[in-house]
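The file my_file_2.txt comes next; it holds compact mmCIF, C-alpha atoms and all ligand atoms.
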# COMPACT_ATOMS: atom_id res chain seq x y z
CA SER W 1 -23.40 -29.29 6.50
CA ASP W 2 -23.70 -32.31 8.81
CA ALA W 3 -23.97 -34.67 5.87
CA PRO W 4 -21.89 -37.81 6.41
CA ARG W 5 -18.44 -37.04 5.10
CA PRO W 6 -17.58 -39.45 2.25
CA ASN W 7 -14.31 -41.27 2.80
CA LEU W 8 -11.20 -39.35 1.79
CA THR W 9 -9.93 -40.65 -1.54
CA PRO W 10 -6.22 -41.49 -1.20
CA ALA W 11 -4.47 -39.50 -3.93
CA ASP W 12 -1.20 -37.76 -4.60
CA HIS W 13 -3.09 -34.46 -4.97
CA MET W 14 -6.24 -32.83 -3.65
CA THR W 15 -9.49 -34.33 -4.94
CA TRP W 16 -13.11 -33.27 -5.35
CA GLN W 17 -15.94 -35.75 -4.99
CA LYS W 18 -19.37 -35.03 -6.40
CA GLU W 19 -21.98 -36.13 -3.87
CA THR W 20 -25.14 -35.31 -5.79
CA GLN W 21 -26.52 -33.10 -8.54
CA SER W 22 -29.74 -31.11 -8.92
CA GLY W 23 -30.13 -29.75 -12.44
CA LYS W 24 -26.65 -28.42 -13.27
CA ALA W 25 -25.94 -27.60 -9.59
CA ARG W 26 -23.55 -29.95 -7.73
CA ALA W 27 -22.98 -30.74 -4.08
CA GLY W 28 -19.61 -32.26 -3.29
CA TRP W 29 -16.54 -32.38 -1.08
CA LEU W 30 -13.12 -30.81 -1.64
CA HIS W 31 -10.53 -33.09 0.03
CA THR W 32 -7.18 -31.40 0.70
CA ARG W 33 -4.03 -31.67 2.82
CA HIS W 34 -5.56 -29.09 5.17
CA GLY W 35 -8.98 -30.66 5.55
CA SER W 36 -12.18 -31.33 3.61
CA VAL W 37 -14.68 -28.64 2.63
CA PRO W 38 -18.27 -29.09 1.41
CA THR W 39 -19.08 -27.45 -1.93
CA PRO W 40 -20.60 -25.17 -3.09
CA THR W 41 -18.24 -23.06 -1.02
CA PHE W 42 -17.64 -19.34 -0.63
CA MET W 43 -14.06 -18.32 0.20
CA PRO W 44 -13.64 -15.23 2.39
CA VAL W 45 -10.92 -13.01 0.93
CA GLY W 46 -7.79 -12.77 3.09
CA THR W 47 -5.69 -10.71 0.67
CA VAL W 48 -2.63 -9.98 2.81
CA GLY W 49 -3.02 -12.90 5.22
CA THR W 50 -5.98 -11.52 7.11
CA VAL W 51 -9.72 -11.39 6.54
CA LYS W 52 -9.82 -7.70 7.34
CA GLY W 53 -11.06 -6.79 10.80
CA ILE W 54 -11.90 -10.24 12.19
CA THR W 55 -9.88 -13.13 13.68
CA MET W 56 -9.63 -16.46 11.90
CA ASP W 57 -11.55 -18.01 14.83
CA SER W 58 -14.39 -15.66 13.88
CA VAL W 59 -14.03 -16.65 10.23
CA ARG W 60 -14.23 -20.31 11.29
CA SER W 61 -17.33 -19.57 13.41
CA THR W 62 -19.21 -18.43 10.29
CA GLY W 63 -18.75 -21.93 8.82
CA ALA W 64 -16.16 -20.88 6.22
CA GLY W 65 -13.96 -23.81 5.23
CA ILE W 66 -11.39 -22.31 2.84
CA VAL W 67 -10.00 -18.78 2.49
CA LEU W 68 -8.21 -16.90 -0.29
CA GLY W 69 -4.83 -15.11 -0.20
CA ASN W 70 -3.06 -13.07 -2.86
CA THR W 71 0.36 -13.67 -4.39
CA TYR W 72 0.59 -10.05 -5.56
CA HIS W 73 0.09 -8.48 -2.14
CA LEU W 74 2.05 -11.06 -0.11
CA MET W 75 5.08 -10.99 -2.42
CA LEU W 76 5.34 -7.25 -1.83
CA ARG W 77 4.71 -7.46 1.92
CA PRO W 78 5.88 -9.32 3.98
CA THR W 79 7.44 -11.20 0.93
CA ALA W 80 7.01 -14.90 0.19
CA GLU W 81 10.44 -15.66 1.70
CA ARG W 82 9.45 -14.15 5.04
CA VAL W 83 6.11 -15.99 5.05
CA GLN W 84 8.04 -19.19 4.39
CA ARG W 85 10.44 -18.42 7.27
CA LEU W 86 7.39 -17.81 9.46
CA GLY W 87 6.18 -21.33 8.69
CA GLY W 88 3.87 -20.56 5.79
CA LEU W 89 0.51 -18.79 5.61
CA HIS W 90 -1.36 -21.38 7.69
CA ARG W 91 0.85 -20.92 10.74
CA MET W 92 1.41 -17.19 10.25
CA MET W 93 -2.34 -16.37 10.13
CA ASP W 94 -3.52 -19.19 12.43
CA TRP W 95 -5.70 -20.85 9.83
CA PRO W 96 -5.23 -24.64 9.69
CA GLY W 97 -7.82 -25.06 6.91
CA PRO W 98 -7.18 -24.94 3.16
CA ILE W 99 -5.96 -21.72 1.55
CA LEU W 100 -6.25 -20.89 -2.15
CA THR W 101 -3.92 -18.19 -3.46
CA ASP W 102 -4.57 -16.19 -6.59
CA SER W 103 -1.56 -15.99 -8.90
CA GLY W 104 -1.09 -12.24 -9.16
CA GLY W 105 -1.79 -11.51 -12.83
CA PHE W 106 -5.23 -10.15 -12.20
CA GLN W 107 -4.10 -7.90 -9.35
CA VAL W 108 -1.24 -6.48 -11.44
CA MET W 109 -3.67 -5.88 -14.34
CA SER W 110 -5.90 -3.84 -12.04
CA LEU W 111 -2.86 -1.66 -11.29
CA GLY W 112 -3.09 -0.33 -14.82
CA PRO W 113 -0.26 1.93 -16.04
CA LEU W 114 2.28 0.67 -13.53
CA ARG W 115 2.90 -2.48 -15.53
CA LYS W 116 4.59 -3.83 -18.68
CA LEU W 117 3.43 -7.16 -20.13
CA THR W 118 5.66 -9.42 -22.27
CA GLU W 119 5.59 -13.09 -23.27
CA ASP W 120 7.83 -13.81 -20.29
CA GLY W 121 5.54 -12.22 -17.70
CA VAL W 122 4.59 -8.88 -16.13
CA THR W 123 6.91 -6.16 -14.85
CA PHE W 124 5.32 -3.71 -12.44
CA ARG W 125 6.03 -1.26 -9.69
CA SER W 126 4.86 -1.89 -6.15
CA HIS W 127 1.88 0.25 -5.14
CA ILE W 128 3.49 0.33 -1.67
CA ASP W 129 6.98 1.72 -2.31
CA GLY W 130 7.34 1.95 -6.10
CA SER W 131 9.96 -0.84 -6.19
CA LYS W 132 10.17 -2.80 -9.44
CA HIS W 133 8.94 -6.41 -9.58
CA HIS W 134 8.58 -9.12 -12.19
CA LEU W 135 6.01 -11.93 -12.15
CA THR W 136 6.18 -14.91 -14.47
CA PRO W 137 4.31 -18.26 -14.46
CA GLU W 138 7.39 -19.77 -12.80
CA SER W 139 7.91 -17.09 -10.15
CA SER W 140 4.19 -16.90 -9.32
CA THR W 141 4.05 -20.67 -8.86
CA ASP W 142 7.20 -20.58 -6.72
CA ILE W 143 5.80 -17.79 -4.54
CA GLN W 144 2.60 -19.81 -3.97
CA PHE W 145 4.79 -22.80 -3.01
CA LYS W 146 6.63 -20.65 -0.45
CA LEU W 147 3.28 -19.44 0.91
CA ASP W 148 2.34 -23.12 1.26
CA ALA W 149 -0.92 -22.53 -0.62
CA THR W 150 -3.17 -25.60 -0.57
CA ILE W 151 -4.53 -24.65 -4.00
CA THR W 152 -2.23 -22.78 -6.40
CA MET W 153 -3.67 -20.78 -9.30
CA ALA W 154 -2.03 -20.76 -12.73
CA PHE W 155 -0.52 -17.43 -13.78
CA ASP W 156 -2.81 -15.80 -16.31
CA GLU W 157 -3.75 -12.49 -17.84
CA CYS W 158 -7.28 -11.22 -17.35
CA PRO W 159 -8.11 -8.80 -20.20
CA ALA W 160 -10.31 -5.78 -19.42
CA LEU W 161 -13.76 -5.92 -21.05
CA PRO W 162 -15.03 -4.80 -23.50
CA ALA W 163 -12.29 -6.04 -25.84
CA THR W 164 -12.18 -7.05 -29.51
CA LYS W 165 -12.10 -10.76 -30.34
CA GLU W 166 -8.53 -10.33 -31.63
CA VAL W 167 -7.38 -8.85 -28.32
CA LEU W 168 -9.22 -11.57 -26.37
CA GLU W 169 -7.75 -14.28 -28.60
CA ALA W 170 -4.14 -13.11 -28.25
CA SER W 171 -4.57 -12.71 -24.49
CA MET W 172 -6.21 -16.13 -24.06
CA GLU W 173 -3.52 -17.86 -26.13
CA ARG W 174 -0.79 -16.26 -24.02
CA SER W 175 -2.59 -17.31 -20.83
CA MET W 176 -2.69 -20.89 -22.12
CA ARG W 177 1.07 -20.83 -22.78
CA TRP W 178 1.46 -19.44 -19.26
CA ALA W 179 -0.80 -22.19 -17.90
CA ALA W 180 1.54 -24.84 -19.33
CA ARG W 181 4.58 -23.07 -17.80
CA SER W 182 2.71 -22.75 -14.48
CA ARG W 183 1.94 -26.49 -14.51
CA ASP W 184 5.57 -27.36 -15.29
CA ALA W 185 6.68 -25.20 -12.34
CA PHE W 186 4.14 -26.75 -9.90
CA THR W 187 5.38 -29.14 -7.19
CA ALA W 188 2.76 -31.88 -6.74
CA ARG W 189 2.25 -32.89 -3.08
CA PRO W 190 -0.40 -35.16 -1.52
CA GLY W 191 -3.52 -33.10 -0.80
CA TYR W 192 -2.30 -30.03 -2.71
CA GLY W 193 -3.52 -28.91 -6.12
CA GLN W 194 -3.25 -26.41 -8.93
CA PHE W 195 -6.14 -24.93 -10.95
CA GLY W 196 -6.01 -23.75 -14.55
CA ILE W 197 -7.96 -20.58 -15.41
CA VAL W 198 -10.21 -20.50 -18.49
CA GLN W 199 -10.08 -17.23 -20.39
CA GLY W 200 -11.62 -16.00 -23.66
CA GLY W 201 -13.92 -13.17 -22.51
CA THR W 202 -17.48 -13.60 -23.77
CA GLU W 203 -16.45 -15.39 -27.00
CA GLN W 204 -17.71 -18.99 -27.00
CA GLU W 205 -15.15 -20.21 -29.53
CA LEU W 206 -12.28 -18.76 -27.48
CA ARG W 207 -13.65 -20.23 -24.23
CA GLU W 208 -13.91 -23.59 -26.00
CA ARG W 209 -10.27 -23.46 -27.10
CA SER W 210 -9.13 -22.31 -23.69
CA ALA W 211 -11.01 -25.08 -21.83
CA LYS W 212 -9.56 -27.70 -24.17
CA ALA W 213 -6.02 -26.35 -23.79
CA LEU W 214 -6.32 -26.56 -20.01
CA ARG W 215 -7.86 -30.06 -20.05
CA ASP W 216 -4.97 -31.21 -22.26
CA ILE W 217 -2.50 -29.88 -19.68
CA GLY W 218 -4.49 -31.43 -16.81
CA PHE W 219 -5.17 -29.71 -13.49
CA GLU W 220 -6.85 -30.63 -10.17
CA GLY W 221 -9.55 -28.03 -10.80
CA TYR W 222 -10.60 -25.37 -13.28
CA ALA W 223 -11.33 -21.70 -12.65
CA ILE W 224 -13.40 -19.48 -14.90
CA GLY W 225 -11.51 -16.21 -15.14
CA GLY W 226 -12.08 -13.09 -17.20
CA LEU W 227 -15.54 -12.52 -15.74
CA ALA W 228 -16.88 -10.22 -13.01
CA VAL W 229 -14.93 -7.49 -14.77
CA GLY W 230 -17.90 -5.25 -15.57
CA GLU W 231 -19.68 -7.40 -18.16
CA GLY W 232 -22.88 -7.52 -16.08
CA GLN W 233 -24.79 -10.49 -14.70
CA GLU W 234 -26.64 -11.40 -17.90
CA LEU W 235 -23.47 -11.69 -19.98
CA MET W 236 -21.70 -13.49 -17.12
CA PHE W 237 -24.51 -16.06 -16.89
CA SER W 238 -24.71 -16.57 -20.64
CA THR W 239 -20.94 -17.15 -20.72
CA LEU W 240 -21.28 -19.67 -17.88
CA ASP W 241 -24.12 -21.44 -19.72
CA TYR W 242 -21.70 -22.63 -22.39
CA THR W 243 -18.43 -22.65 -20.42
CA THR W 244 -19.12 -24.92 -17.41
CA PRO W 245 -20.14 -27.88 -19.62
CA MET W 246 -16.71 -27.60 -21.31
CA LEU W 247 -15.00 -28.41 -18.01
CA PRO W 248 -14.53 -31.92 -16.54
CA ASP W 249 -17.70 -32.99 -14.72
CA ASP W 250 -15.74 -34.70 -11.93
CA GLN W 251 -13.52 -31.76 -10.98
CA PRO W 252 -14.26 -28.51 -9.15
CA ARG W 253 -15.14 -25.30 -10.99
CA TYR W 254 -14.17 -21.99 -9.40
CA LEU W 255 -15.78 -18.78 -10.62
CA MET W 256 -13.28 -16.06 -9.70
CA GLY W 257 -14.32 -12.79 -8.09
CA VAL W 258 -18.02 -13.57 -7.74
CA GLY W 259 -20.24 -12.20 -6.28
CA THR W 260 -23.53 -10.99 -4.87
CA PRO W 261 -25.89 -13.59 -3.31
CA ASP W 262 -27.93 -13.55 -6.52
CA ASP W 263 -24.76 -14.06 -8.60
CA LEU W 264 -23.80 -17.04 -6.43
CA LEU W 265 -27.22 -18.67 -6.76
CA GLY W 266 -27.25 -18.26 -10.53
CA ALA W 267 -23.67 -19.48 -10.95
CA ILE W 268 -24.24 -22.55 -8.74
CA MET W 269 -27.31 -23.37 -10.86
CA ARG W 270 -25.00 -23.19 -13.88
CA GLY W 271 -22.57 -25.72 -12.44
CA CYS W 272 -20.01 -23.68 -10.47
CA ASP W 273 -18.71 -24.96 -7.11
CA MET W 274 -16.30 -22.40 -5.62
CA PHE W 275 -16.40 -18.61 -5.25
CA ASP W 276 -14.51 -15.70 -3.76
CA CYS W 277 -15.49 -12.04 -3.55
CA VAL W 278 -14.51 -9.02 -1.47
CA MET W 279 -18.14 -7.86 -1.45
CA PRO W 280 -19.39 -9.20 1.94
CA SER W 281 -16.23 -8.14 3.81
CA ARG W 282 -15.77 -4.81 2.03
CA ALA W 283 -19.49 -4.04 2.51
CA GLY W 284 -19.10 -4.86 6.21
CA ARG W 285 -16.45 -2.15 6.50
CA THR W 286 -18.70 0.39 4.80
CA ALA W 287 -21.85 -0.14 6.92
CA ARG W 288 -23.65 -2.24 4.28
CA ALA W 289 -25.36 -5.36 5.66
CA TYR W 290 -26.22 -8.40 3.53
CA THR W 291 -29.40 -10.15 4.68
CA GLU W 292 -32.12 -12.45 3.40
CA ARG W 293 -34.12 -9.32 2.54
CA GLY W 294 -31.41 -7.69 0.48
CA THR W 295 -28.86 -5.13 1.69
CA MET W 296 -29.22 -2.16 4.02
CA ASN W 297 -26.96 0.75 4.90
CA LEU W 298 -26.62 1.01 8.66
CA ARG W 299 -25.53 4.65 8.49
CA ASN W 300 -29.09 5.51 7.48
CA ALA W 301 -30.84 7.62 10.14
CA ARG W 302 -33.90 5.36 10.08
CA PHE W 303 -31.89 2.80 12.08
CA ALA W 304 -30.97 5.23 14.88
CA GLU W 305 -33.48 3.70 17.33
CA ASP W 306 -34.31 0.45 15.59
CA THR W 307 -33.83 -2.14 18.33
CA ARG W 308 -34.35 -5.14 16.02
CA PRO W 309 -31.45 -7.46 15.10
CA LEU W 310 -30.02 -7.12 11.59
CA SER W 311 -32.02 -10.11 10.38
CA PRO W 312 -34.29 -12.52 12.25
CA ASP W 313 -32.33 -15.65 11.43
CA ASP W 314 -28.84 -14.28 11.72
CA ASP W 315 -26.81 -17.28 12.94
CA SER W 316 -23.48 -15.48 13.35
CA PRO W 317 -22.04 -15.54 16.88
CA MET W 318 -23.37 -11.99 17.33
CA ALA W 319 -26.89 -13.16 16.48
CA GLY W 320 -29.50 -11.24 18.43
CA ARG W 321 -26.90 -9.50 20.61
CA TYR W 322 -26.48 -6.24 18.73
CA SER W 323 -29.32 -4.05 17.50
CA ARG W 324 -29.39 -2.06 14.29
CA ALA W 325 -29.37 1.05 16.47
CA TYR W 326 -26.11 0.00 18.09
CA LEU W 327 -24.49 -0.68 14.71
CA HIS W 328 -25.80 2.64 13.43
CA HIS W 329 -24.17 4.34 16.41
CA LEU W 330 -20.85 2.51 15.91
CA PHE W 331 -20.62 3.53 12.26
CA ARG W 332 -21.69 7.10 12.95
CA ALA W 333 -19.02 7.22 15.66
CA ASN W 334 -16.51 5.62 13.28
CA GLU W 335 -15.76 2.96 15.90
CA MET W 336 -13.64 -0.11 14.94
CA LEU W 337 -16.30 -2.46 16.29
CA GLY W 338 -18.77 -1.47 13.57
CA PRO W 339 -16.81 -2.94 10.63
CA MET W 340 -15.75 -5.91 12.78
CA LEU W 341 -19.32 -6.90 13.65
CA LEU W 342 -20.76 -6.23 10.22
CA THR W 343 -17.98 -8.11 8.40
CA LEU W 344 -18.66 -11.09 10.66
CA HIS W 345 -22.40 -10.78 10.03
CA ASN W 346 -22.04 -10.56 6.24
CA LEU W 347 -19.64 -13.51 5.98
CA ALA W 348 -21.96 -15.54 8.22
CA TYR W 349 -24.84 -14.71 5.87
CA TYR W 350 -22.86 -15.85 2.83
CA GLN W 351 -21.97 -19.12 4.57
CA ARG W 352 -25.59 -19.65 5.65
CA LEU W 353 -26.65 -19.09 2.03
CA MET W 354 -24.13 -21.72 0.85
CA ARG W 355 -25.48 -24.22 3.42
CA GLN W 356 -29.09 -23.48 2.38
CA ILE W 357 -28.28 -23.97 -1.30
CA ARG W 358 -26.26 -27.14 -0.67
CA ALA W 359 -29.11 -28.66 1.38
CA ALA W 360 -31.54 -27.84 -1.45
CA ILE W 361 -29.24 -29.52 -3.98
CA MET W 362 -29.15 -32.59 -1.72
CA ASP W 363 -32.94 -32.86 -1.62
CA ASP W 364 -33.45 -31.65 -5.18
CA THR W 365 -35.49 -28.58 -4.17
CA LEU W 366 -33.10 -25.95 -5.53
CA GLU W 367 -35.61 -24.53 -8.05
CA GLU W 368 -38.08 -23.84 -5.24
CA LEU W 369 -35.40 -22.34 -2.98
CA ALA W 370 -34.27 -20.08 -5.82
CA VAL W 371 -37.76 -18.62 -6.16
CA THR W 372 -37.99 -17.98 -2.40
CA LEU W 373 -34.51 -16.45 -2.17
CA ARG W 374 -35.03 -14.10 -5.12
CA HIS W 375 -38.42 -13.05 -3.75
CA ASN W 376 -37.01 -12.29 -0.29
CA TRP W 377 -33.96 -10.42 -1.65
CA SER W 378 -36.34 -8.13 -3.49
CA LEU W 379 -38.31 -7.27 -0.33
CA GLY W 380 -35.76 -4.83 1.02
CA ASP W 381 -35.86 -4.17 4.72
CA TRP W 382 -38.91 -5.32 6.72
N1 LIG W 401 -12.83 -11.49 -11.71
C1 LIG W 401 -11.59 -12.08 -11.53
C2 LIG W 401 -11.04 -12.14 -10.23
C3 LIG W 401 -9.81 -12.75 -10.03
C4 LIG W 401 -9.09 -13.28 -11.11
N2 LIG W 401 -7.87 -13.86 -10.91
C5 LIG W 401 -7.19 -14.35 -11.96
N3 LIG W 401 -5.98 -14.92 -11.75
N4 LIG W 401 -7.68 -14.34 -13.23
C6 LIG W 401 -8.89 -13.78 -13.49
O1 LIG W 401 -9.33 -13.78 -14.74
C7 LIG W 401 -9.65 -13.22 -12.42
C8 LIG W 401 -10.91 -12.63 -12.63
Would you encode the structure as structure tokens?
Amino acid sequence: SDAPRPNLTPADHMTWQKETQSGKARAGWLHTRHGSVPTPTFMPVGTVGTVKGITMDSVRSTGAGIVLGNTYHLMLRPTAERVQRLGGLHRMMDWPGPILTDSGGFQVMSLGPLRKLTEDGVTFRSHIDGSKHHLTPESSTDIQFKLDATITMAFDECPALPATKEVLEASMERSMRWAARSRDAFTARPGYGQFGIVQGGTEQELRERSAKALRDIGFEGYAIGGLAVGEGQELMFSTLDYTTPMLPDDQPRYLMGVGTPDDLLGAIMRGCDMFDCVMPSRAGRTARAYTERGTMNLRNARFAEDTRPLSPDDDSPMAGRYSRAYLHHLFRANEMLGPMLLTLHNLAYYQRLMRQIRAAIMDDTLEELAVTLRHNWSLGDW
């Protein structure tokens, strides 16, 4: 956005400034040690220090301002100590902008049987070489320090849904004890920050208790975890309806692991500011294009001689240079360039969507934009 950038607030940690609000949706600025980013913002996923298949210059060209890395993957390879010796993630991956790192609990959980969970932390075996590892709130926070993460995530446990209220309660309470230990282990530095992660599944009373516990500890931002784990959009939105108002109005809210363009629109309209999801990049590697008219699979034979661009207002650097037919050919031929171009295209679409939504928040026309976007997404290819 070319909106005038409000002055950076001097602070001993990163800050978020709300610029304006339209309904529950907010437009603001994230000010960090590694630069300022307009919100709402979508963070491309750079799990092992790379947004798969494209250079960070390409990521920057889409308009992305902040990217995500993963403690779990980087601690296993190349290890946090080596990243630190290489000058930290920013220098190693040639990304001077802010980096948010997830804390590892979620990734270990998705490894299933390979792990043992205790009050102290999680013991698991590496999916790479079977070596044994242990993650605790302290070690996760230390690893993120070594990675030089701009935004550090508290170490939490994300329970699989569906789960009984008792299971959700015990898990949430442990995550809150881990949040306090994560905060104690965090090294505050000017322009850096740490986010707490609200848990509690789809139980309002548990979400309430979790949000209060985190506010009492005090963080630079608050993530909503425990969602986008198969509960479906309706249940995710209804959980957001009562959870975002529980979080401080003047601090950023990060909905983890979300989502499709329609998810993003709905979550922004419910007061969320930051997002990350593998969908646009993973789809790009599997021939699925995200566009204003919904998604399309470029392997489909109907594109074999379709000389049109992917979408008329594609503003990625490849805009108007590559036809659907060419992409169809690249994917059918299993050429590297296919996933590279389509990943770039999809991330550029997500960033364009963020800019569109932010501009609508600024001129209070978000309701109208939402109707247009949802209509166009339903059109399917033209
Ligand atoms: N859907 C997700 C995605 C990532 C997560 N990361 C953490 N640390 N915690 C969660 O609950 C997550 C949920």
Checklist entry - So how far away is atom CA of W:Val51 from atom CA of W:Gly232, in Å? => result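 Atom CA of W:Val51 lies at a distance of 26.5 Å from atom CA of W:Gly232.
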Next on the checklist: What residues of the protein or nucleic acid chains come within 6 Å of ligand LIG 401 (chain W) when you use all atoms listed in the file? Reply as an MDAnalysis selection string.
Outcome noted: chainID W and resid 102:103 105:106 156 158 225:229 256:257
Checklist entry - Using only C-alpha atoms, which residues sit within 7 Å of W:Met354 once same-chain residues fewer than 4 positions away are excluded, as a list of chain:residue names? => result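 Returned residues: W:Pro40, W:Thr41, W:Tyr350, W:Arg358.
Minimum atom-to-atom distance to W:Leu265, evaluated using only C-alpha atoms, belongs to W:Leu366 out of W:Leu86, W:Met75, W:Leu298, W:Leu366.
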Item to check | Residue neighbourhood W:Met56, 10 Å, all atoms listed in the file, exclusion window fewer than 5 positions, as a PyMOL selection string | outcome: chain W and resi 46+50-51+61-62+64+67+93-96
